[in-house]
>>> print(open('start29.cif').read())   # mmCIF, C-alpha atoms
data_final
#
loop_
_atom_site.label_atom_id
_atom_site.label_comp_id
_atom_site.auth_asym_id
_atom_site.auth_seq_id
_atom_site.Cartn_x
_atom_site.Cartn_y
_atom_site.Cartn_z
CA MET A 1 13.02 -24.40 32.37
CA VAL A 2 12.88 -20.65 32.94
CA LYS A 3 10.22 -19.62 35.44
CA LEU A 4 7.31 -17.55 34.16
CA ASP A 5 5.84 -15.82 37.18
CA LEU A 6 5.55 -12.32 38.54
CA ALA A 7 8.18 -12.81 41.25
CA SER A 8 10.84 -13.91 38.73
CA GLU A 9 10.45 -10.94 36.36
CA SER A 10 13.81 -9.33 35.54
CA GLN A 11 15.97 -8.52 32.52
CA GLU A 12 17.79 -11.84 32.84
CA ASN A 13 14.59 -13.85 33.30
CA MET A 14 12.98 -12.15 30.29
CA SER A 15 16.01 -12.83 28.03
CA GLN A 16 16.17 -16.46 29.09
CA TRP A 17 12.41 -17.00 28.70
CA MET A 18 12.33 -15.40 25.23
CA ALA A 19 15.34 -17.45 24.06
CA GLN A 20 13.79 -20.63 25.44
CA THR A 21 10.31 -19.96 24.05
CA VAL A 22 11.43 -19.44 20.45
CA SER A 23 13.71 -22.49 20.60
CA THR A 24 12.36 -25.67 19.00
CA ASP A 25 11.63 -27.39 22.32
CA GLY A 26 10.46 -24.22 24.08
CA GLY A 27 6.99 -25.60 24.52
CA LEU A 28 4.94 -22.70 23.18
CA TYR A 29 5.02 -23.42 19.45
CA THR A 30 3.69 -26.61 17.95
CA GLU A 31 5.81 -28.22 15.24
CA GLY A 32 4.51 -27.73 11.72
CA THR A 33 2.35 -24.72 12.55
CA VAL A 34 2.81 -21.28 11.02
CA VAL A 35 4.91 -19.92 13.91
CA ASP A 36 7.27 -22.88 13.66
CA MET A 37 7.44 -22.47 9.85
CA LEU A 38 8.39 -18.78 10.16
CA ARG A 39 11.22 -19.76 12.57
CA PRO A 40 11.48 -16.66 14.79
CA LYS A 41 14.96 -16.00 16.14
CA PHE A 42 15.43 -14.21 19.44
CA ILE A 43 17.74 -11.20 19.07
CA SER A 44 17.28 -9.13 22.23
CA CYS A 45 14.83 -7.75 24.77
CA ASP A 46 14.66 -4.94 27.30
CA TYR A 47 12.58 -5.60 30.39
CA ALA A 48 12.52 -1.96 31.57
CA LYS A 49 11.45 -0.64 28.16
CA LYS A 50 9.11 -3.61 27.50
CA GLU A 51 10.84 -4.23 24.16
CA LEU A 52 11.54 -7.35 22.15
CA THR A 53 13.45 -7.92 18.90
CA LEU A 54 12.99 -11.05 16.79
CA ALA A 55 14.26 -11.91 13.31
CA PHE A 56 12.48 -13.82 10.54
CA THR A 57 13.92 -14.97 7.23
CA ALA A 58 11.63 -14.70 4.19
CA GLU A 59 11.50 -18.23 2.77
CA PRO A 60 10.18 -19.34 -0.65
CA TRP A 61 7.06 -21.02 0.81
CA ALA A 62 5.92 -17.59 2.08
CA GLN A 63 6.25 -15.67 -1.17
CA ASN A 64 3.53 -13.76 -3.00
CA PRO A 65 2.86 -14.03 -6.76
CA GLU A 66 5.39 -11.20 -7.39
CA GLY A 67 8.12 -13.23 -5.66
CA GLY A 68 8.33 -11.06 -2.51
CA PHE A 69 7.51 -11.82 1.12
CA HIS A 70 3.69 -12.09 1.33
CA GLY A 71 2.05 -9.18 3.18
CA GLY A 72 0.04 -11.62 5.27
CA MET A 73 3.24 -13.30 6.44
CA ILE A 74 4.87 -9.94 7.25
CA THR A 75 1.75 -9.30 9.35
CA ALA A 76 2.23 -12.74 10.93
CA CYS A 77 5.82 -11.76 11.91
CA PHE A 78 4.45 -8.67 13.68
CA ASP A 79 1.61 -10.65 15.29
CA ILE A 80 4.03 -13.31 16.61
CA SER A 81 6.39 -10.67 18.04
CA PHE A 82 3.55 -8.69 19.65
CA GLY A 83 2.04 -11.89 21.05
CA LEU A 84 5.29 -13.14 22.53
CA LEU A 85 6.01 -9.84 24.27
CA CYS A 86 2.45 -9.83 25.64
CA HIS A 87 2.84 -13.39 26.88
CA TYR A 88 5.83 -12.51 29.01
CA PHE A 89 3.74 -9.99 30.93
CA ALA A 90 0.46 -11.99 30.79
CA LYS A 91 2.20 -15.20 32.01
CA TYR A 92 -0.03 -18.22 31.41
CA GLN A 93 -3.16 -16.20 30.57
CA MET A 94 -4.37 -16.38 26.98
CA VAL A 95 -3.70 -13.32 24.84
CA THR A 96 -5.58 -12.45 21.66
CA THR A 97 -5.08 -9.86 18.96
CA VAL A 98 -7.87 -7.29 19.00
CA SER A 99 -6.63 -5.15 16.13
CA LEU A 100 -3.56 -4.89 13.95
CA ASN A 101 -2.58 -2.11 11.59
CA VAL A 102 0.37 -2.62 9.23
CA SER A 103 2.02 -0.21 6.79
CA PHE A 104 4.08 -1.84 4.06
CA LEU A 105 6.85 0.58 3.13
CA LYS A 106 9.43 -1.32 1.08
CA PRO A 107 9.39 -4.73 -0.63
CA ILE A 108 11.00 -7.60 1.28
CA HIS A 109 12.61 -10.15 -1.00
CA ILE A 110 12.92 -13.89 -0.47
CA GLY A 111 16.16 -14.52 1.43
CA ASP A 112 15.95 -11.16 3.26
CA THR A 113 15.86 -11.22 7.05
CA LEU A 114 13.19 -9.05 8.65
CA ARG A 115 14.17 -7.73 12.08
CA VAL A 116 11.03 -6.92 14.05
CA GLN A 117 11.37 -4.56 17.01
CA VAL A 118 8.24 -4.36 19.15
CA ARG A 119 7.47 -2.27 22.22
CA ALA A 120 4.54 -2.25 24.60
CA ILE A 121 3.60 1.40 25.03
CA SER A 122 0.71 0.74 27.42
CA LEU A 123 0.31 -2.34 29.58
CA GLY A 124 -3.12 -2.45 31.18
CA ASN A 125 -4.87 -5.22 33.11
CA THR A 126 -6.86 -6.20 30.05
CA LEU A 127 -5.58 -4.28 27.01
CA VAL A 128 -2.01 -3.92 25.78
CA ARG A 129 -1.10 -1.35 23.16
CA LEU A 130 2.01 -2.11 21.08
CA VAL A 131 4.01 -0.55 18.26
CA ALA A 132 6.62 -2.11 15.98
CA GLU A 133 9.08 -1.50 13.20
CA GLY A 134 10.40 -4.03 10.72
CA PHE A 135 13.88 -3.52 9.25
CA ILE A 136 15.63 -5.45 6.50
CA GLU A 137 18.70 -6.85 8.22
CA GLY A 138 22.04 -5.67 6.82
CA LYS A 139 20.51 -2.88 4.71
CA GLU A 140 18.86 -1.17 7.72
CA ILE A 141 15.86 -0.29 5.58
CA LEU A 142 12.55 0.33 7.38
CA ALA A 143 10.34 -2.03 5.38
CA ALA A 144 7.15 -2.07 7.47
CA SER A 145 5.64 -0.67 10.65
CA ALA A 146 2.72 -1.78 12.78
CA GLU A 147 0.51 -0.91 15.74
CA SER A 148 -1.65 -3.35 17.60
CA THR A 149 -3.96 -3.87 20.55
CA PHE A 150 -3.91 -7.19 22.40
CA MET A 151 -6.29 -8.44 25.07
CA ILE A 152 -5.16 -10.45 28.09
CA GLN A 153 -7.92 -12.91 28.91
CA ARG A 154 -7.71 -13.00 32.70
CA ASP A 155 -10.31 -15.77 32.91
CA ARG A 156 -8.59 -18.13 30.44
CA GLU A 157 -5.27 -19.91 30.82
CA LEU A 158 -2.99 -21.53 28.25
CA THR A 159 -3.60 -24.83 30.02
CA GLU A 160 -1.69 -27.17 27.70
CA PHE A 161 1.37 -24.92 27.55
CA LYS A 162 1.38 -24.42 31.33
CA GLU A 163 1.10 -28.16 31.95
CA ARG A 164 3.95 -28.90 29.52
CA VAL A 165 6.21 -26.29 31.13
CA LEU A 166 5.39 -27.33 34.70
CA ALA A 167 5.95 -31.02 33.84
CA LYS A 168 9.36 -30.14 32.37
CA GLU A 169 10.20 -28.07 35.44
CA ALA A 170 9.23 -30.96 37.74
CA ALA A 171 11.31 -33.41 35.69
CA GLU A 172 14.34 -31.10 35.80
CA THR A 173 13.97 -30.62 39.57
CA ALA A 174 13.69 -34.38 40.13
CA LYS A 175 16.78 -34.97 37.95
CA ALA A 176 18.78 -32.36 39.88
CA GLU A 177 17.75 -33.84 43.24
CA LYS A 178 19.00 -37.28 42.17
CA MET B 1 -12.97 6.60 -12.42
CA THR B 2 -15.68 7.14 -15.02
CA GLN B 3 -18.63 4.86 -15.71
CA HIS B 4 -16.94 4.10 -19.06
CA PHE B 5 -14.01 2.47 -17.28
CA LEU B 6 -16.23 -0.03 -15.44
CA ASP B 7 -18.42 -0.73 -18.46
CA GLN B 8 -15.67 -2.80 -20.04
CA PHE B 9 -15.97 -5.43 -17.28
CA THR B 10 -18.79 -7.96 -17.55
CA GLN B 11 -20.16 -10.42 -15.02
CA GLU B 12 -19.27 -13.34 -17.31
CA ASP B 13 -15.70 -12.15 -17.81
CA MET B 14 -15.22 -11.59 -14.08
CA GLU B 15 -16.50 -15.04 -13.14
CA ALA B 16 -14.42 -16.72 -15.85
CA TRP B 17 -11.28 -14.86 -14.72
CA PHE B 18 -11.64 -15.87 -11.06
CA ARG B 19 -12.51 -19.46 -11.95
CA GLU B 20 -9.38 -19.62 -14.12
CA ILE B 21 -6.89 -18.11 -11.67
CA LEU B 22 -8.25 -20.14 -8.73
CA ARG B 23 -8.27 -23.39 -10.71
CA PRO B 24 -5.92 -25.98 -9.16
CA GLY B 25 -2.66 -25.90 -11.13
CA SER B 26 -3.14 -22.34 -12.43
CA GLU B 27 -0.09 -20.08 -12.69
CA TYR B 28 -1.40 -17.88 -9.85
CA LEU B 29 -1.48 -20.91 -7.58
CA SER B 30 1.86 -22.29 -8.71
CA LYS B 31 4.18 -21.07 -5.97
CA GLY B 32 4.53 -19.63 -2.49
CA LEU B 33 1.90 -19.12 0.15
CA ILE B 34 -1.29 -18.75 -1.89
CA PRO B 35 -1.76 -22.43 -2.91
CA LYS B 36 -1.43 -23.40 0.77
CA LEU B 37 -4.43 -21.24 1.65
CA GLU B 38 -6.75 -23.46 -0.49
CA LEU B 39 -9.06 -20.68 -1.63
CA ARG B 40 -12.41 -21.74 -3.14
CA PHE B 41 -14.24 -19.36 -5.46
CA ASP B 42 -17.85 -18.80 -4.39
CA SER B 43 -19.23 -15.83 -6.29
CA CYS B 44 -18.50 -12.35 -7.60
CA ASP B 45 -20.47 -9.29 -8.63
CA VAL B 46 -19.00 -6.95 -11.18
CA LYS B 47 -21.42 -4.09 -10.47
CA ARG B 48 -20.80 -4.18 -6.73
CA GLN B 49 -17.08 -4.87 -7.33
CA GLU B 50 -17.35 -7.73 -4.89
CA LEU B 51 -15.79 -11.18 -4.51
CA LYS B 52 -16.64 -14.04 -2.17
CA ILE B 53 -14.11 -16.79 -1.42
CA VAL B 54 -14.55 -19.70 0.99
CA CYS B 55 -11.70 -21.24 3.00
CA THR B 56 -11.37 -23.84 5.70
CA ALA B 57 -8.93 -23.31 8.57
CA GLN B 58 -6.19 -25.98 8.56
CA PRO B 59 -4.11 -27.44 11.43
CA TRP B 60 -0.84 -25.72 10.30
CA GLN B 61 -2.57 -22.34 10.58
CA VAL B 62 -3.07 -22.38 14.37
CA ASN B 63 -1.47 -20.14 16.97
CA PRO B 64 -0.30 -21.38 20.40
CA GLU B 65 -3.85 -20.82 21.69
CA GLY B 66 -5.12 -23.39 19.16
CA ILE B 67 -7.16 -20.99 17.03
CA LEU B 68 -6.47 -19.48 13.60
CA HIS B 69 -3.30 -17.36 13.76
CA GLY B 70 -3.88 -13.62 13.27
CA GLY B 71 -1.21 -13.61 10.56
CA ILE B 72 -3.09 -16.29 8.64
CA THR B 73 -6.31 -14.26 8.81
CA ALA B 74 -4.21 -11.37 7.47
CA SER B 75 -2.88 -13.61 4.69
CA PHE B 76 -6.42 -14.55 3.64
CA PHE B 77 -7.46 -10.91 3.59
CA ASP B 78 -4.34 -9.69 1.77
CA THR B 79 -4.70 -12.40 -0.88
CA ILE B 80 -8.47 -12.11 -1.43
CA LEU B 81 -8.69 -8.31 -1.31
CA GLY B 82 -5.57 -8.17 -3.49
CA VAL B 83 -6.89 -10.53 -6.15
CA LEU B 84 -10.15 -8.55 -6.40
CA THR B 85 -8.16 -5.34 -6.87
CA HIS B 86 -5.97 -7.08 -9.43
CA TYR B 87 -9.01 -7.95 -11.56
CA PHE B 88 -9.77 -4.24 -12.05
CA ALA B 89 -6.11 -3.12 -12.18
CA LYS B 90 -4.69 -5.75 -14.55
CA PRO B 91 -2.23 -5.84 -16.24
CA CYS B 92 -0.55 -3.61 -13.63
CA VAL B 93 1.29 -5.17 -10.71
CA LEU B 94 -0.08 -4.24 -7.26
CA THR B 95 1.46 -3.76 -3.87
CA THR B 96 -0.25 -3.56 -0.49
CA THR B 97 0.48 -0.25 1.19
CA GLY B 98 -1.57 -0.69 4.37
CA MET B 99 -3.87 -3.09 6.10
CA HIS B 100 -6.01 -2.73 9.23
CA ILE B 101 -7.67 -5.78 10.75
CA ASP B 102 -10.12 -6.06 13.64
CA TYR B 103 -10.25 -9.55 15.15
CA ILE B 104 -13.77 -10.03 16.49
CA LYS B 105 -14.37 -13.76 17.06
CA PRO B 106 -11.91 -16.66 17.21
CA ILE B 107 -11.79 -18.96 14.17
CA ALA B 108 -11.40 -22.60 15.19
CA ILE B 109 -9.58 -25.22 13.21
CA THR B 110 -11.85 -26.84 10.60
CA ASP B 111 -14.17 -23.80 10.71
CA THR B 112 -15.22 -22.79 7.22
CA VAL B 113 -14.97 -19.06 6.68
CA GLU B 114 -16.60 -16.92 4.00
CA PHE B 115 -14.42 -13.98 2.99
CA THR B 116 -16.17 -11.14 1.17
CA ALA B 117 -14.08 -8.40 -0.44
CA ARG B 118 -15.66 -5.19 -1.72
CA ILE B 119 -13.93 -2.28 -3.42
CA ILE B 120 -14.93 0.95 -1.77
CA SER B 121 -12.71 3.27 -3.81
CA LEU B 122 -11.06 2.47 -7.13
CA GLY B 123 -8.55 5.15 -8.10
CA LYS B 124 -5.91 5.35 -10.81
CA THR B 125 -3.15 4.68 -8.29
CA LEU B 126 -4.74 3.72 -4.95
CA THR B 127 -7.58 1.30 -4.34
CA THR B 128 -9.27 0.83 -0.96
CA VAL B 129 -10.95 -2.48 -0.29
CA GLN B 130 -13.05 -3.67 2.64
CA GLY B 131 -13.12 -7.31 3.69
CA GLU B 132 -15.25 -9.38 6.04
CA ALA B 133 -14.69 -12.90 7.36
CA ARG B 134 -17.85 -14.67 8.52
CA LEU B 135 -18.14 -18.13 10.04
CA GLN B 136 -20.19 -20.28 7.69
CA LYS B 137 -21.77 -22.26 10.56
CA ASN B 138 -23.57 -19.27 12.11
CA GLY B 139 -22.91 -16.25 9.90
CA ARG B 140 -21.07 -14.41 12.69
CA LEU B 141 -18.52 -11.77 11.79
CA ALA B 142 -15.08 -13.09 12.83
CA ALA B 143 -12.85 -10.35 11.41
CA ASN B 144 -13.01 -7.13 9.45
CA CYS B 145 -10.30 -5.58 7.27
CA ILE B 146 -9.59 -2.41 5.32
CA SER B 147 -6.65 -2.52 2.90
CA THR B 148 -5.11 -0.10 0.47
CA TYR B 149 -3.35 -1.26 -2.69
CA MET B 150 -1.11 0.77 -4.96
CA ARG B 151 -1.07 0.16 -8.68
CA LEU B 152 2.50 0.03 -10.02
CA HIS B 153 2.38 1.01 -13.65
CA HIS B 154 4.33 -1.97 -14.94
CA HIS B 155 3.73 -5.64 -15.82
CA ALA B 156 4.98 -8.52 -13.71
CA ASP B 157 8.06 -8.75 -15.98
CA GLY B 158 8.90 -5.08 -15.31
CA THR B 159 7.89 -3.66 -18.72
CA PRO B 160 5.86 -0.44 -18.46
CA VAL B 161 2.10 -0.52 -18.88
CA THR B 162 1.02 1.76 -21.72
CA GLU B 163 -1.73 4.34 -21.23
CA GLN B 164 -4.07 2.26 -23.39
CA GLU B 165 -3.37 -0.96 -21.44
CA GLY B 166 -3.64 0.85 -18.11
CA ARG B 167 -7.02 2.33 -19.00
#
>>> encode(input="start29.cif", output="structure tokens")
Amino acid sequence: MVKLDLASESQENMSQWMAQTVSTDGGLYTEGTVVDMLRPKFISCDYAKKELTLAFTAEPWAQNPEGGFHGGMITACFDISFGLLCHYFAKYQMVTTVSLNVSFLKPIHIGDTLRVQVRAISLGNTLVRLVAEGFIEGKEILAASAESTFMIQRDRELTEFKERVLAKEAAETAKAEK
Amino acid sequence: MTQHFLDQFTQEDMEAWFREILRPGSEYLSKGLIPKLELRFDSCDVKRQELKIVCTAQPWQVNPEGILHGGITASFFDTILGVLTHYFAKPCVLTTTGMHIDYIKPIAITDTVEFTARIISLGKTLTTVQGEARLQKNGRLAANCISTYMRLHHHADGTPVTEQEGR
């Protein structure tokens, strides 16, 4: 398991943590929930620039009555990407979306892959301000953009997630020692 | 928009239209995300250009913190505000151009939420709609939304909407 603590922060640690977290046994996402259904794929991240890129494929279950990717699900892709980037810097503290503003610029069709590039432009103790762009993969069309404010809840921890990760870490350490 | 434009909509017609499209098995609920949201029609008001829909948060809709995912709240708003706009814009197809959401209180799984959508500006091309999500158990405001929809002057099959049809 990749360590999630202040002392371990680096480009390599961030890349490994992001790749692990979006993987099916990463521990953060529960099977069968909306994040799992949207299947985020880790593309890249930049620790110094506080940037993260994920990709999402528009699947038939998430279509709107016109047959395109539902606006609410495009918003979910932004919210997931913002939240994951926040989590890396907030560690095991809970993060919540305070506000989210999305502009829908071009239609995204079922089968298209939406590449979401997010960046934290201000990282405070409590509030994090983020911006994002969503491109249609392959066509390089800017299909949507977003801005958001997240809150880091310093008094509340993601207890279940932390326990799962620490238990896995302990099991891996015990296995290695044997 | 003139008063004449709105006069053609009646309370009875509006209620019948929403009951029909939100009926289980209706064409609107036949595919994609919307049937999964399990929207329940509560009431509407043609004069106030308002619609109230009730929904219950489901286990698949949680985020890693165990509360309703922000993207699901956005999906409820986009669908409910969109369907209200569609009533006044039909037969034109609509597209969402922008959406701003303020998340005020967490929505827990199994919470029942009352979504109220109200048109605040109904133009020939752009419509602005305000939405509120309130927890049924205590009436508290959980989220607020402002969305803008653009009327595309064609039917769902791509054929142009005539001036008479488009009102």
>>> resolve_selection(input="start29.cif", expression="the PyMOL selection byres ((chain A and resi 136) around 10)", output="list of chain:residue names")
A:Ala55, A:Phe56, A:Thr57, A:Lys106, A:Pro107, A:Ile108, A:His109, A:Asp112, A:Thr113, A:Leu114, A:Arg115, A:Val116, A:Gly134, A:Phe135, A:Glu137, A:Gly138, A:Lys139, A:Glu140, A:Ile141, A:Leu142, A:Ala143, A:Ala144
>>> atom_distance(input="start29.cif", atom1="atom CA of Thr125 of chain B", atom2="atom CA of Leu94 of chain B")
9.5 Å
>>> resolve_selection(input="start29.cif", expression="the PyMOL selection byres ((chain B) within 9 of (chain A))", output="ChimeraX atom specification")
/B:27-34,36,59-65,69-79,93-104,106,156
>>> resolve_selection(input="start29.cif", expression="the PyMOL selection byres ((chain B and resi 134) around 8)", output="ChimeraX atom specification")
/B:113-115,132-133,135-136,139-143
>>> residues_around(input="start29.cif", residues="Met14 of chain A", least_positions_apart="3", cutoff="10 Å", atoms="all atoms listed in the file", output="PDB file with C-alpha atoms, keeping the file's coordinate frame")
ATOM      1  CA  VAL A   2      12.880 -20.650  32.940  1.00  0.00           C
ATOM      2  CA  LYS A   3      10.220 -19.620  35.440  1.00  0.00           C
ATOM      3  CA  LEU A   4       7.310 -17.550  34.160  1.00  0.00           C
ATOM      4  CA  SER A   8      10.840 -13.910  38.730  1.00  0.00           C
ATOM      5  CA  GLU A   9      10.450 -10.940  36.360  1.00  0.00           C
ATOM      6  CA  SER A  10      13.810  -9.330  35.540  1.00  0.00           C
ATOM      7  CA  GLN A  11      15.970  -8.520  32.520  1.00  0.00           C
ATOM      8  CA  TRP A  17      12.410 -17.000  28.700  1.00  0.00           C
ATOM      9  CA  MET A  18      12.330 -15.400  25.230  1.00  0.00           C
ATOM     10  CA  ALA A  19      15.340 -17.450  24.060  1.00  0.00           C
ATOM     11  CA  GLN A  20      13.790 -20.630  25.440  1.00  0.00           C
ATOM     12  CA  SER A  44      17.280  -9.130  22.230  1.00  0.00           C
ATOM     13  CA  CYS A  45      14.830  -7.750  24.770  1.00  0.00           C
ATOM     14  CA  ASP A  46      14.660  -4.940  27.300  1.00  0.00           C
ATOM     15  CA  TYR A  47      12.580  -5.600  30.390  1.00  0.00           C
ATOM     16  CA  LYS A  50       9.110  -3.610  27.500  1.00  0.00           C
ATOM     17  CA  LEU A  52      11.540  -7.350  22.150  1.00  0.00           C
ATOM     18  CA  LEU A  85       6.010  -9.840  24.270  1.00  0.00           C
ATOM     19  CA  TYR A  88       5.830 -12.510  29.010  1.00  0.00           C
ATOM     20  CA  PHE A  89       3.740  -9.990  30.930  1.00  0.00           C
TER      21      PHE A  89
END
>>> atom_distance(input="start29.cif", atom1="atom CA of Tyr149 of chain B", atom2="atom CA of Thr85 of chain B")
7.6 Å
>>> atom_distance(input="start29.cif", atom1="atom CA of Ala48 of chain A", atom2="atom CA of Ile152 of chain A")
19.9 Å
>>> residues_near_point(input="start29.cif", point="(-13.9, -17.5, -11.4)", cutoff="12 Å", atoms="all atoms listed in the file", output="PyMOL selection string")
chain B and resi 11-24+26+39-46+51-53+83-84+87
>>> residues_around(input="start29.cif", residues="Thr112 of chain B", least_positions_apart="6", cutoff="8 Å", atoms="all atoms listed in the file", output="list of chain:residue names")
B:Val54, B:Cys55, B:Thr56, B:Ala57, B:Leu135, B:Gln136, B:Lys137
